[in-house]
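S.K.: Next comes run24.cif, mmCIF, C-alpha atoms:
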```cif
data_upload
#
loop_
_atom_site.label_atom_id
_atom_site.label_comp_id
_atom_site.auth_asym_id
_atom_site.auth_seq_id
_atom_site.Cartn_x
_atom_site.Cartn_y
_atom_site.Cartn_z
CA MET S 893 12.93 -23.55 15.70
CA SER S 894 12.82 -26.57 17.98
CA ARG S 895 10.78 -24.60 20.51
CA TYR S 896 8.39 -23.67 17.73
CA LEU S 897 8.03 -27.33 16.78
CA ARG S 898 7.53 -28.38 20.39
CA VAL S 899 4.63 -25.95 20.80
CA VAL S 900 3.11 -26.97 17.47
CA LEU S 901 3.26 -30.63 18.44
CA ALA S 902 1.98 -30.01 21.95
CA ILE S 903 -1.12 -28.22 20.64
CA TYR S 904 -1.58 -30.86 18.00
CA ARG S 905 -1.32 -33.68 20.55
CA LYS S 906 -3.79 -31.95 22.86
CA ASP S 907 -6.34 -31.52 20.07
CA ALA S 908 -5.82 -35.07 18.80
CA GLN S 909 -6.38 -36.46 22.27
CA LEU S 910 -9.51 -34.36 22.75
CA GLU S 911 -10.87 -35.49 19.40
CA ALA S 912 -9.92 -39.14 20.00
CA ARG S 913 -11.93 -39.11 23.22
CA THR S 914 -15.02 -37.24 22.06
CA ARG S 915 -14.96 -37.84 18.28
CA GLU S 916 -17.42 -34.96 18.05
CA THR S 917 -15.95 -33.16 15.07
CA PHE S 918 -14.95 -36.30 13.23
CA THR S 919 -18.42 -37.83 13.47
CA ALA S 920 -20.08 -34.62 12.36
CA MET S 921 -17.76 -34.32 9.37
CA ALA S 922 -18.07 -37.94 8.28
CA VAL S 923 -21.86 -38.03 8.50
CA PHE S 924 -22.09 -34.67 6.75
CA ALA S 925 -19.82 -35.85 3.91
CA ILE S 926 -22.03 -38.89 3.36
CA ALA S 927 -25.16 -36.70 3.45
CA VAL S 928 -23.65 -34.41 0.79
CA ALA S 929 -22.91 -37.47 -1.35
CA LEU S 930 -26.54 -38.55 -0.97
CA ILE S 931 -27.94 -35.16 -1.98
CA PHE S 932 -25.65 -34.90 -4.99
CA ASN S 933 -26.62 -38.37 -6.10
CA PHE S 934 -30.17 -37.18 -6.58
CA ALA S 935 -29.25 -33.68 -7.68
CA PHE S 936 -27.26 -35.05 -10.60
CA GLN S 937 -28.96 -38.42 -11.14
CA VAL S 938 -25.58 -40.12 -10.98
CA ASN S 939 -25.33 -43.17 -13.21
CA PRO S 940 -22.48 -45.17 -14.83
CA ARG S 941 -22.62 -42.94 -17.90
CA ASN S 942 -22.13 -39.59 -16.18
CA VAL S 943 -20.14 -40.61 -13.10
CA ALA S 944 -16.75 -39.86 -14.65
CA LEU S 945 -18.02 -36.37 -15.45
CA VAL S 946 -19.74 -35.46 -12.18
CA GLY S 947 -17.89 -37.76 -9.74
CA PRO S 948 -14.81 -35.59 -9.13
CA GLY S 949 -17.01 -32.53 -8.65
CA ILE S 950 -19.23 -34.31 -6.15
CA ALA S 951 -16.21 -35.60 -4.24
CA TRP S 952 -14.66 -32.15 -3.91
CA ALA S 953 -17.94 -30.44 -3.10
CA ALA S 954 -18.31 -32.96 -0.28
CA PHE S 955 -14.71 -32.45 0.89
CA THR S 956 -14.98 -28.66 0.73
CA PHE S 957 -18.24 -28.40 2.65
CA THR S 958 -17.06 -30.98 5.16
CA GLY S 959 -13.86 -29.00 5.56
CA VAL S 960 -15.89 -25.95 6.54
CA ILE S 961 -17.34 -27.92 9.45
CA GLY S 962 -13.95 -29.14 10.61
CA ILE S 963 -12.29 -25.75 10.25
CA ASN S 964 -15.13 -24.03 12.08
CA ARG S 965 -14.64 -26.30 15.08
CA ALA S 966 -10.92 -25.59 15.39
CA PHE S 967 -11.31 -22.62 17.70
CA ILE S 968 -14.80 -23.09 19.12
CA PHE S 969 -13.64 -25.21 22.07
CA GLU S 970 -10.90 -22.75 22.89
CA LYS S 971 -13.19 -19.76 22.63
CA ASP S 972 -16.04 -21.24 24.64
CA ARG S 973 -13.83 -22.47 27.47
CA GLY S 974 -11.66 -19.38 27.47
CA THR S 975 -8.52 -21.43 26.82
CA LEU S 976 -7.37 -19.48 23.77
CA GLU S 977 -5.65 -16.94 25.99
CA GLY S 978 -3.78 -19.80 27.64
CA LEU S 979 -2.60 -21.07 24.28
CA LEU S 980 -1.43 -17.63 23.29
CA LEU S 981 0.81 -17.55 26.34
CA ALA S 982 2.72 -20.54 24.98
CA PRO S 983 6.47 -19.89 25.03
CA ALA S 984 6.75 -19.48 21.27
CA GLY S 985 5.39 -17.12 18.65
CA ARG S 986 1.72 -17.14 17.81
CA GLU S 987 2.53 -18.78 14.51
CA ALA S 988 3.14 -21.93 16.58
CA VAL S 989 -0.49 -21.85 17.72
CA TYR S 990 -1.49 -21.41 14.09
CA GLY S 991 0.73 -24.34 13.10
CA GLY S 992 -0.74 -26.64 15.73
CA LYS S 993 -4.31 -25.78 14.82
CA LEU S 994 -3.61 -26.11 11.11
CA LEU S 995 -2.09 -29.56 11.60
CA GLY S 996 -5.12 -30.70 13.59
CA THR S 997 -7.62 -29.52 10.98
CA LEU S 998 -5.51 -30.99 8.19
CA THR S 999 -5.40 -34.41 9.85
CA LEU S 1000 -9.15 -34.50 10.44
CA MET S 1001 -9.93 -33.48 6.88
CA LEU S 1002 -7.54 -36.01 5.38
CA ILE S 1003 -9.01 -38.80 7.51
CA VAL S 1004 -12.53 -37.94 6.37
CA GLU S 1005 -11.41 -37.74 2.74
CA ALA S 1006 -9.74 -41.16 3.03
CA LEU S 1007 -12.92 -42.53 4.55
CA MET S 1008 -14.99 -41.18 1.69
CA VAL S 1009 -12.96 -43.00 -0.97
CA PRO S 1010 -14.59 -46.40 -0.25
CA VAL S 1011 -17.96 -44.66 0.22
CA PHE S 1012 -17.74 -43.26 -3.29
CA LEU S 1013 -16.60 -46.65 -4.57
CA VAL S 1014 -19.68 -48.33 -3.12
CA PHE S 1015 -22.28 -45.70 -3.94
CA TYR S 1016 -21.02 -44.38 -7.24
CA ASP S 1017 -18.79 -47.19 -8.45
CA ILE S 1018 -15.97 -44.71 -8.92
CA ALA S 1019 -12.42 -45.70 -7.92
CA LEU S 1020 -10.84 -42.43 -6.83
CA LEU S 1021 -7.77 -43.95 -5.26
CA SER S 1022 -4.50 -43.42 -7.10
CA TRP S 1023 -1.21 -41.72 -6.30
CA TRP S 1024 -2.28 -38.67 -8.24
CA PHE S 1025 -5.46 -38.49 -6.20
CA VAL S 1026 -3.49 -38.76 -2.96
CA GLY S 1027 -1.25 -35.92 -4.14
CA THR S 1028 -4.27 -33.84 -5.10
CA ALA S 1029 -5.94 -34.45 -1.76
CA VAL S 1030 -2.85 -33.48 0.23
CA LEU S 1031 -2.14 -30.32 -1.78
CA ALA S 1032 -5.76 -29.16 -1.81
CA THR S 1033 -6.36 -29.90 1.85
CA VAL S 1034 -3.20 -28.06 2.92
CA GLY S 1035 -4.55 -25.03 1.03
CA PHE S 1036 -7.96 -25.36 2.68
CA ALA S 1037 -6.45 -25.63 6.15
CA ALA S 1038 -3.94 -22.81 5.56
CA VAL S 1039 -6.54 -20.10 4.87
CA GLY S 1040 -9.30 -21.80 6.82
CA THR S 1041 -7.42 -21.66 10.11
CA VAL S 1042 -6.97 -17.89 9.95
CA PHE S 1043 -10.57 -17.31 8.91
CA ALA S 1044 -11.82 -19.62 11.66
CA ALA S 1045 -9.88 -17.63 14.24
CA ILE S 1046 -11.56 -14.47 12.92
CA ALA S 1047 -15.03 -15.95 12.62
CA VAL S 1048 -15.06 -17.46 16.11
CA HIS S 1049 -14.82 -14.00 17.64
CA THR S 1050 -17.74 -12.56 15.70
CA ARG S 1051 -21.44 -12.64 16.41
CA ALA S 1052 -22.26 -14.82 13.39
CA ARG S 1053 -19.43 -17.31 13.71
CA GLU S 1054 -20.92 -20.36 11.98
CA VAL S 1055 -22.18 -18.30 9.07
CA LEU S 1056 -19.16 -16.16 8.47
CA LEU S 1057 -16.53 -18.82 7.83
CA PRO S 1058 -18.07 -20.29 4.65
CA LEU S 1059 -18.71 -16.77 3.31
CA LEU S 1060 -15.02 -15.96 3.55
CA PHE S 1061 -13.62 -19.40 2.90
CA LEU S 1062 -15.50 -20.60 -0.18
CA PRO S 1063 -14.66 -17.77 -2.62
CA ILE S 1064 -11.01 -17.68 -1.51
CA VAL S 1065 -10.46 -21.42 -2.05
CA MET S 1066 -12.23 -21.38 -5.42
CA PRO S 1067 -8.93 -21.91 -7.32
CA VAL S 1068 -8.07 -24.89 -5.11
CA VAL S 1069 -11.46 -26.46 -5.75
CA VAL S 1070 -11.06 -25.95 -9.51
CA ALA S 1071 -7.58 -27.48 -9.40
CA ALA S 1072 -8.62 -30.41 -7.22
CA VAL S 1073 -11.65 -31.29 -9.35
CA SER S 1074 -9.67 -31.07 -12.59
CA SER S 1075 -6.70 -33.06 -11.39
CA THR S 1076 -8.96 -35.71 -9.84
CA ALA S 1077 -10.73 -35.99 -13.19
CA SER S 1078 -7.48 -36.38 -15.07
CA ALA S 1079 -6.22 -38.90 -12.50
CA LEU S 1080 -9.41 -40.90 -13.08
CA ALA S 1081 -8.84 -40.71 -16.83
CA GLY S 1082 -5.31 -42.02 -16.28
CA GLU S 1083 -3.62 -39.05 -17.87
CA GLY S 1084 -0.65 -39.17 -15.51
CA TRP S 1085 1.67 -36.26 -14.78
CA SER S 1086 0.89 -34.36 -17.96
CA GLY S 1087 -2.75 -34.15 -16.92
CA VAL S 1088 -2.19 -32.95 -13.37
CA ALA S 1089 1.01 -30.91 -13.76
CA ARG S 1090 -0.57 -27.48 -14.20
CA TRP S 1091 -3.07 -28.06 -11.42
CA PHE S 1092 -0.43 -29.34 -9.02
CA SER S 1093 1.72 -26.28 -9.58
CA LEU S 1094 -1.29 -24.02 -9.06
CA MET S 1095 -2.06 -25.73 -5.75
CA VAL S 1096 1.57 -25.60 -4.67
CA ALA S 1097 1.59 -21.86 -5.38
CA PHE S 1098 -1.61 -21.36 -3.40
CA ASP S 1099 -0.31 -23.45 -0.50
CA VAL S 1100 3.04 -21.68 -0.29
CA VAL S 1101 1.56 -18.17 -0.54
CA PHE S 1102 -1.12 -18.77 2.04
CA LEU S 1103 0.94 -20.83 4.48
CA VAL S 1104 3.36 -17.92 4.71
CA VAL S 1105 0.81 -15.09 4.67
CA SER S 1106 -1.62 -16.81 7.04
CA SER S 1107 0.96 -17.67 9.66
CA LEU S 1108 2.14 -14.06 9.61
CA ALA S 1109 -1.45 -12.76 9.68
CA PHE S 1110 -2.51 -15.04 12.53
CA GLU S 1111 -0.59 -12.90 14.98
CA PHE S 1112 -2.80 -9.93 14.11
CA VAL S 1113 -6.02 -11.93 14.43
CA VAL S 1114 -5.51 -12.97 18.02
CA GLU S 1115 -3.55 -9.95 19.23
CA GLU S 1116 -4.70 -8.09 22.37
CA MET H 1214 -11.36 25.28 15.96
CA PRO H 1215 -13.34 22.17 14.97
CA ALA H 1216 -15.11 24.28 12.33
CA THR H 1217 -11.89 25.06 10.44
CA LYS H 1218 -10.82 21.46 10.81
CA ALA H 1219 -14.04 20.26 9.18
CA ALA H 1220 -13.81 22.84 6.41
CA GLY H 1221 -10.42 21.53 5.24
CA PRO H 1222 -11.34 18.05 3.95
CA GLY H 1223 -14.83 19.25 3.07
CA GLY H 1224 -13.42 21.90 0.76
CA TRP H 1225 -11.17 19.41 -0.96
CA ARG H 1226 -14.06 17.08 -1.36
CA LEU H 1227 -16.13 19.75 -3.05
CA ALA H 1228 -13.31 20.48 -5.48
CA VAL H 1229 -13.00 16.80 -6.38
CA LEU H 1230 -16.75 16.58 -6.81
CA ALA H 1231 -16.69 19.57 -9.19
CA VAL H 1232 -13.95 17.95 -11.27
CA ALA H 1233 -15.78 14.60 -11.28
CA GLY H 1234 -19.03 16.27 -12.35
CA ALA H 1235 -17.40 18.24 -15.15
CA MET H 1236 -15.50 15.22 -16.42
CA MET H 1237 -18.63 13.09 -16.34
CA LEU H 1238 -20.48 15.60 -18.53
CA VAL H 1239 -17.67 15.60 -21.08
CA ASN H 1240 -17.59 11.83 -20.76
CA LEU H 1241 -21.27 11.53 -21.70
CA TRP H 1242 -20.72 13.72 -24.73
CA LEU H 1243 -17.72 11.63 -25.78
CA ILE H 1244 -19.58 8.36 -25.37
CA PHE H 1245 -22.89 9.31 -26.97
CA ALA H 1246 -21.88 11.92 -29.55
CA TYR H 1247 -18.18 11.89 -30.31
CA VAL H 1248 -17.18 8.27 -30.55
CA PRO H 1249 -18.15 6.47 -33.78
CA THR H 1250 -20.56 3.53 -33.61
CA GLU H 1251 -18.76 0.22 -33.70
CA VAL H 1252 -19.39 -1.61 -36.97
CA SER H 1253 -20.08 -5.19 -35.94
CA MET H 1254 -21.75 -4.68 -32.55
CA GLY H 1255 -23.64 -1.50 -33.26
CA VAL H 1256 -24.80 1.06 -30.75
CA VAL H 1257 -24.92 -1.40 -27.86
CA GLN H 1258 -21.13 -1.40 -27.83
CA ARG H 1259 -21.23 2.10 -26.30
CA ILE H 1260 -21.97 0.52 -22.92
CA PHE H 1261 -18.32 -0.56 -23.01
CA TYR H 1262 -17.26 2.97 -22.16
CA PHE H 1263 -19.10 2.59 -18.88
CA HIS H 1264 -18.57 -1.11 -18.30
CA VAL H 1265 -14.82 -1.40 -18.87
CA PRO H 1266 -13.75 1.64 -16.79
CA THR H 1267 -15.99 0.62 -13.87
CA VAL H 1268 -14.44 -2.86 -13.84
CA GLU H 1269 -10.98 -1.34 -13.99
CA ILE H 1270 -11.71 1.11 -11.19
CA GLY H 1271 -13.18 -1.79 -9.21
CA PHE H 1272 -9.87 -3.62 -9.45
CA VAL H 1273 -7.92 -0.46 -8.64
CA ALA H 1274 -10.14 -0.06 -5.56
CA PHE H 1275 -9.10 -3.45 -4.25
CA PHE H 1276 -5.48 -2.59 -4.81
CA VAL H 1277 -6.13 0.48 -2.65
CA VAL H 1278 -7.69 -1.81 -0.01
CA PHE H 1279 -4.59 -4.02 -0.14
CA VAL H 1280 -2.14 -1.15 0.29
CA ALA H 1281 -4.23 0.57 2.96
CA SER H 1282 -4.53 -2.74 4.84
CA ILE H 1283 -0.78 -3.22 4.96
CA TRP H 1284 -0.39 0.42 5.91
CA TYR H 1285 -2.87 -0.04 8.75
CA LEU H 1286 -1.19 -3.15 10.15
CA VAL H 1287 2.18 -1.42 10.09
CA SER H 1288 1.19 2.05 11.33
CA ARG H 1289 -2.12 1.41 13.17
CA LYS H 1290 -3.39 4.72 11.87
CA PRO H 1291 -7.22 4.86 11.96
CA SER H 1292 -7.12 6.87 8.75
CA ALA H 1293 -5.53 3.93 6.92
CA ASP H 1294 -8.34 1.68 8.09
CA ARG H 1295 -10.99 4.18 7.09
CA LEU H 1296 -9.47 4.35 3.63
CA ALA H 1297 -9.43 0.55 3.34
CA GLN H 1298 -13.05 0.25 4.40
CA ALA H 1299 -14.27 3.08 2.19
CA ALA H 1300 -12.36 1.79 -0.85
CA ALA H 1301 -13.78 -1.70 -0.30
CA GLU H 1302 -17.32 -0.39 -0.09
CA ILE H 1303 -17.06 1.86 -3.12
CA GLY H 1304 -15.10 -0.79 -5.03
CA THR H 1305 -17.80 -3.37 -4.38
CA MET H 1306 -20.38 -0.90 -5.65
CA PHE H 1307 -18.35 -0.24 -8.82
CA LEU H 1308 -18.00 -3.97 -9.47
CA THR H 1309 -21.72 -4.53 -8.90
CA VAL H 1310 -22.61 -1.88 -11.47
CA ALA H 1311 -19.95 -3.20 -13.86
CA ILE H 1312 -21.18 -6.79 -13.62
CA ILE H 1313 -24.77 -5.74 -14.28
CA MET H 1314 -23.76 -3.64 -17.29
CA GLY H 1315 -21.60 -6.49 -18.59
CA ALA H 1316 -24.52 -8.88 -18.33
CA ILE H 1317 -26.80 -6.49 -20.23
CA TRP H 1318 -24.22 -6.20 -22.99
CA ALA H 1319 -23.58 -9.95 -23.05
CA LYS H 1320 -27.28 -10.73 -23.45
CA LYS H 1321 -27.40 -8.55 -26.54
CA ALA H 1322 -24.07 -9.60 -28.03
CA TRP H 1323 -23.76 -13.26 -27.04
CA GLY H 1324 -27.42 -14.07 -26.38
CA THR H 1325 -26.59 -15.04 -22.81
CA TRP H 1326 -26.29 -13.07 -19.59
CA TRP H 1327 -23.21 -14.80 -18.39
CA ILE H 1328 -20.33 -17.04 -19.42
CA TRP H 1329 -17.77 -18.52 -17.05
CA ASP H 1330 -14.66 -17.29 -18.83
CA ASN H 1331 -11.59 -16.19 -16.92
CA LYS H 1332 -12.36 -12.47 -16.68
CA LEU H 1333 -15.98 -12.87 -15.66
CA THR H 1334 -15.16 -15.59 -13.15
CA THR H 1335 -12.36 -13.59 -11.55
CA THR H 1336 -14.54 -10.49 -11.28
CA PHE H 1337 -17.38 -12.47 -9.76
CA VAL H 1338 -15.13 -14.25 -7.23
CA LEU H 1339 -13.56 -10.92 -6.30
CA TRP H 1340 -17.00 -9.42 -5.74
CA LEU H 1341 -17.96 -12.36 -3.48
CA ILE H 1342 -14.73 -12.09 -1.48
CA TYR H 1343 -15.28 -8.41 -0.78
CA ALA H 1344 -18.91 -9.02 0.15
CA GLY H 1345 -17.43 -11.35 2.81
CA TYR H 1346 -14.92 -8.67 3.79
CA LEU H 1347 -17.71 -6.17 4.41
CA MET H 1348 -19.71 -8.72 6.40
CA VAL H 1349 -16.77 -9.52 8.67
CA ARG H 1350 -16.40 -5.84 9.39
CA ALA H 1351 -20.10 -5.56 10.12
CA TYR H 1352 -20.06 -8.53 12.50
CA ALA H 1353 -16.91 -7.60 14.39
CA PRO H 1354 -17.62 -6.70 18.03
CA THR H 1355 -15.28 -3.69 18.13
CA ARG H 1356 -13.93 -1.18 15.64
CA ALA H 1357 -10.34 -2.24 16.43
CA GLN H 1358 -11.15 -5.86 15.62
CA ALA H 1359 -13.00 -4.85 12.46
CA ALA H 1360 -9.91 -2.92 11.40
CA ARG H 1361 -7.43 -5.72 12.09
CA TRP H 1362 -9.52 -8.50 10.58
CA GLY H 1363 -10.46 -6.34 7.63
CA ALA H 1364 -6.79 -5.68 6.98
CA ILE H 1365 -5.93 -9.39 7.06
CA ILE H 1366 -8.77 -10.28 4.70
CA GLY H 1367 -7.89 -7.34 2.47
CA ILE H 1368 -4.36 -8.69 2.08
CA ILE H 1369 -5.27 -12.36 1.66
CA SER H 1370 -8.03 -11.52 -0.85
CA PHE H 1371 -5.81 -9.42 -3.03
CA LEU H 1372 -3.13 -12.13 -3.17
CA ASP H 1373 -5.84 -14.60 -4.14
CA VAL H 1374 -6.92 -12.66 -7.23
CA PRO H 1375 -4.04 -13.72 -9.54
CA ILE H 1376 -4.47 -17.35 -8.44
CA VAL H 1377 -8.20 -17.20 -9.18
CA TYR H 1378 -7.38 -15.71 -12.58
CA ALA H 1379 -4.79 -18.41 -13.27
CA ALA H 1380 -7.21 -21.18 -12.31
CA SER H 1381 -10.04 -19.86 -14.44
CA SER H 1382 -7.68 -19.18 -17.35
CA ILE H 1383 -6.51 -22.80 -17.45
CA LEU H 1384 -10.14 -23.90 -17.30
CA HIS H 1385 -11.55 -21.41 -19.84
CA PRO H 1386 -9.03 -19.36 -21.81
CA ALA H 1387 -10.21 -15.84 -22.65
CA GLU H 1388 -13.40 -15.68 -24.67
CA THR H 1389 -14.27 -12.10 -23.88
CA LEU H 1390 -13.31 -9.54 -26.45
CA THR H 1391 -9.91 -8.06 -26.01
CA THR H 1392 -9.63 -4.46 -27.01
CA GLU H 1393 -5.89 -4.34 -27.50
CA GLY H 1394 -4.47 -3.56 -30.90
CA GLY H 1395 -7.36 -2.83 -33.20
CA LEU H 1396 -8.93 -0.01 -31.21
CA GLU H 1397 -9.65 3.21 -33.08
CA PRO H 1398 -7.94 6.32 -31.66
CA ALA H 1399 -11.33 7.94 -30.94
CA MET H 1400 -12.46 4.84 -29.07
CA ARG H 1401 -9.22 4.67 -27.16
CA LEU H 1402 -9.63 8.31 -26.15
CA ALA H 1403 -13.22 7.74 -25.02
CA HIS H 1404 -12.16 4.73 -22.97
CA TRP H 1405 -9.30 6.48 -21.23
CA PHE H 1406 -11.27 9.62 -20.58
CA SER H 1407 -14.05 7.55 -19.08
CA PHE H 1408 -11.50 5.67 -16.97
CA PHE H 1409 -10.21 8.90 -15.46
CA ALA H 1410 -13.71 10.36 -15.05
CA PHE H 1411 -14.80 7.30 -13.08
CA GLY H 1412 -11.46 7.39 -11.29
CA VAL H 1413 -12.13 10.90 -10.00
CA LEU H 1414 -15.67 9.89 -9.09
CA PHE H 1415 -14.22 6.95 -7.15
CA VAL H 1416 -11.81 9.26 -5.32
CA TYR H 1417 -14.68 11.58 -4.42
CA MET H 1418 -16.95 8.80 -3.16
CA THR H 1419 -14.13 7.19 -1.19
CA MET H 1420 -13.30 10.52 0.46
CA LEU H 1421 -16.95 11.05 1.29
CA ARG H 1422 -17.35 7.55 2.73
CA SER H 1423 -14.18 7.64 4.76
CA GLY H 1424 -15.27 11.03 6.09
CA GLN H 1425 -18.52 9.43 7.19
CA HIS H 1426 -16.59 6.71 8.99
CA HIS H 1427 -14.58 9.40 10.70
CA ASP H 1428 -17.80 11.10 11.83
CA GLU H 1429 -19.17 7.79 13.07
CA GLU H 1430 -16.08 7.25 15.17
CA ARG H 1431 -16.37 10.73 16.66
CA ILE H 1432 -20.05 10.25 17.47
CA ASP H 1433 -19.26 6.93 19.14
CA GLU H 1434 -16.55 8.57 21.15
CA LEU H 1435 -18.81 11.44 22.20
CA ARG H 1436 -21.50 9.00 23.21
CA ARG H 1437 -19.04 7.03 25.29
CA THR H 1438 -17.66 10.08 27.05
CA THR H 1439 -21.10 11.56 27.78
CA ILE H 1440 -22.40 8.28 29.20
CA GLU H 1441 -19.44 7.80 31.50
#
```
Could you write out this file's structure as structure tokens?

M.R.:
Amino acid sequence: MSRYLRVVLAIYRKDAQLEARTRETFTAMAVFAIAVALIFNFAFQVNPRNVALVGPGIAWAAFTFTGVIGINRAFIFEKDRGTLEGLLLAPAGREAVYGGKLLGTLTLMLIVEALMVPVFLVFYDIALLSWWFVGTAVLATVGFAAVGTVFAAIAVHTRAREVLLPLLFLPIVMPVVVAAVSSTASALAGEGWSGVARWFSLMVAFDVVFLVVSSLAFEFVVEE
Amino acid sequence: MPATKAAGPGGWRLAVLAVAGAMMLVNLWLIFAYVPTEVSMGVVQRIFYFHVPTVEIGFVAFFVVFVASIWYLVSRKPSADRLAQAAAEIGTMFLTVAIIMGAIWAKKAWGTWWIWDNKLTTTFVLWLIYAGYLMVRAYAPTRAQAARWGAIIGIISFLDVPIVYAASSILHPAETLTTEGGLEPAMRLAHWFSFFAFGVLFVYMTMLRSGQHHDEERIDELRRTTIE
């Protein structure tokens, strides 16, 4: 167990350092999230009357699409520089590699989501921030990263790697998106626990199922 | 030697095809002549005897993909992978046909092609997921990778279905007609007969498709050995 954690943290630290120095993925995600917000503003003609209705949807569309970018990048460095094989030789099971990569993607996505909260406040005059929203963001993003990491490891080995990930990822995470949008809306309406309860339990179920299944499946993705 | 080998599965296939063909003829008679016309919806309701069984077989197909995927990862038998791939392809086709027939019926009955209720949403998401599954297989560099990745997606996708259903049920509780309870015996018979007729057709098509995959593999192998 402690060896597993050491490998997870070592991979996480390596990726964090790489990202802190280049900021490539972070910048791409942040700018993309803002661009999505811009497009949706005109797509929906957002105004003070409809913002409560369309705001949560816009936020989660931005987070989901941005997540695709972040998740896609998780293995591209490793693949292009041939370092994935090195990682797989780490003295722990392959699920440790999965864990490290998942943690990295999760951190990046959460940072971008946090950054978007003030952006939405300024552009849309919508105050997303609340404890229920933080809970929603964490649960939903864990779900995204859990399945996304496995799919990214698959997609990176194929001929159409940038295209394939969203095709697999978006339909699978549909329940998470539904849950996140609905619980963000009820958090905005101040409905408290009764409003988010069902959605939180749905996201917890999704997260638990796919954290377990994906870390078991990861082994088969990278095997050889 | 290879000739007798090929005759085995081919013979079985022919038998299944004969059964499927005969059942489909009886099925048509049941649907268009035997079963009484539904009172409130009229003759258009007869499309149900095609629509509902094809949806059901579509879902059964993805259960087959799920089981065959696990079987492949455990045993690494190429036949398990061929079954998974064939069932996914035929299942996707069944769902495509079912969704189109459902939309035709819905336009007549509800005045709209589509509503986002829980059943329709789940079926649509499932269809999309398996379209992705087939694309991953198509883009995989080697057959072994296609098999492994397909198996993983087959398992993850199937486990996702109940969660998708739960999410869309909270959002939009069932609006589609449920047939439980008040179904006439004649209608129930027509539905179940149609289910089994399409089931046998599915078995036949899956056998045929997985046989084709087997042939593809053998051609690839021959090509490799002759080039070397």

S.K.: What's the separation between atom CA of Glu1302 of chain H and atom CA of Ile1342 of chain H, in Å to one decimal place?

M.R.: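 A separation of 12.1 Å between them.
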
S.K.: Could you list the residues chosen by the PyMOL selection byres ((chain H) within 6 of (chain S)) in this structure as a ChimeraX atom specification?

M.R.: /H:1338,1342,1345,1352-1353,1377,1380

S.K.: Next, write the just-selected residues to a file, as a PDB file, in the coordinates of the input, keeping C-alpha atoms as the atom set.

M.R.:
```pdb
ATOM      1  CA  VAL H1338     -15.130 -14.250  -7.230  1.00  0.00           C
ATOM      2  CA  ILE H1342     -14.730 -12.090  -1.480  1.00  0.00           C
ATOM      3  CA  GLY H1345     -17.430 -11.350   2.810  1.00  0.00           C
ATOM      4  CA  TYR H1352     -20.060  -8.530  12.500  1.00  0.00           C
ATOM      5  CA  ALA H1353     -16.910  -7.600  14.390  1.00  0.00           C
ATOM      6  CA  VAL H1377      -8.200 -17.200  -9.180  1.00  0.00           C
ATOM      7  CA  ALA H1380      -7.210 -21.180 -12.310  1.00  0.00           C
TER       8      ALA H1380
END
```

S.K.: So that I can see what lies close to segment 1409-1415 of chain H, please list as a PyMOL selection string the residues with an atom at most 7 Å from it, counting only C-alpha atoms and leaving out residues fewer than 2 positions away in the same chain.

M.R.: chain H and resi 1229+1233+1236-1237+1266-1267+1270+1405-1407+1417-1419

S.K.: Taking the file as I've supplied it (selection: the PyMOL selection byres ((chain S and resi 957) around 9)), which residues are included? Please answer as a list in words.

M.R.: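 Output from the PyMOL selection byres ((chain S and resi 957) around 9), applied to this file: Met921, Phe924, Ala925, Val928, Trp952, Ala953, Ala954, Phe955, Thr956, Thr958, Gly959, Val960, Ile961, Pro1058 and Leu1062 of chain S.
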
S.K.: Could you work out how far atom CA of Glu916 of chain S lies from atom CA of Leu981 of chain S, giving the answer in Å with one decimal?

M.R.: 26.5 Å

S.K.: What does the distance between atom CA of Ile1283 of chain H and atom CA of Gln1298 of chain H come to in Å, to one decimal place?

M.R.: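 Atom-to-atom, atom CA of Ile1283 of chain H to atom CA of Gln1298 of chain H, that is 12.8 Å.
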
S.K.: Quick check on the file I pasted: which residues fall under the PyMOL selection byres ((chain S and resi 944) around 12)? Write them as an MDAnalysis selection string.

M.R.: chainID S and resid 938:943 945:951 1012 1016:1020 1073:1074 1076:1082

S.K.: Got a sec: who's within 9 Å of Ala1300 of chain H, counting only C-alpha atoms, leaving out chain neighbours fewer than 5 positions off, as an mmCIF file with C-alpha atoms, keeping the file's coordinate frame?

M.R.:
```cif
data_model
loop_
_atom_site.group_PDB
_atom_site.id
_atom_site.type_symbol
_atom_site.label_atom_id
_atom_site.label_comp_id
_atom_site.auth_asym_id
_atom_site.auth_seq_id
_atom_site.Cartn_x
_atom_site.Cartn_y
_atom_site.Cartn_z
ATOM 1 C CA ALA H 1274 -10.140 -0.060 -5.560
ATOM 2 C CA PHE H 1275 -9.100 -3.450 -4.250
ATOM 3 C CA VAL H 1277 -6.130 0.480 -2.650
ATOM 4 C CA VAL H 1278 -7.690 -1.810 -0.010
ATOM 5 C CA ARG H 1295 -10.990 4.180 7.090
ATOM 6 C CA THR H 1305 -17.800 -3.370 -4.380
ATOM 7 C CA PHE H 1415 -14.220 6.950 -7.150
ATOM 8 C CA VAL H 1416 -11.810 9.260 -5.320
ATOM 9 C CA MET H 1418 -16.950 8.800 -3.160
ATOM 10 C CA THR H 1419 -14.130 7.190 -1.190
ATOM 11 C CA MET H 1420 -13.300 10.520 0.460
ATOM 12 C CA ARG H 1422 -17.350 7.550 2.730
ATOM 13 C CA SER H 1423 -14.180 7.640 4.760
#
```

S.K.: I'd like the contact shell of segment 1242-1259 of chain H - 10 Å cut-off, all atoms listed in the file, skipping same-chain residues fewer than 3 positions apart - returned as a list in words.

M.R.: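 Counting only the stated atoms, we get Met1236, Met1237, Leu1238, Val1239, Tyr1262, Phe1263, His1264, Ile1317, Trp1318, Ala1319, Lys1321, Ala1322, Glu1397, Pro1398, Ala1399, Met1400, Arg1401, Leu1402, Ala1403, His1404, Phe1406 and Ser1407 of chain H.
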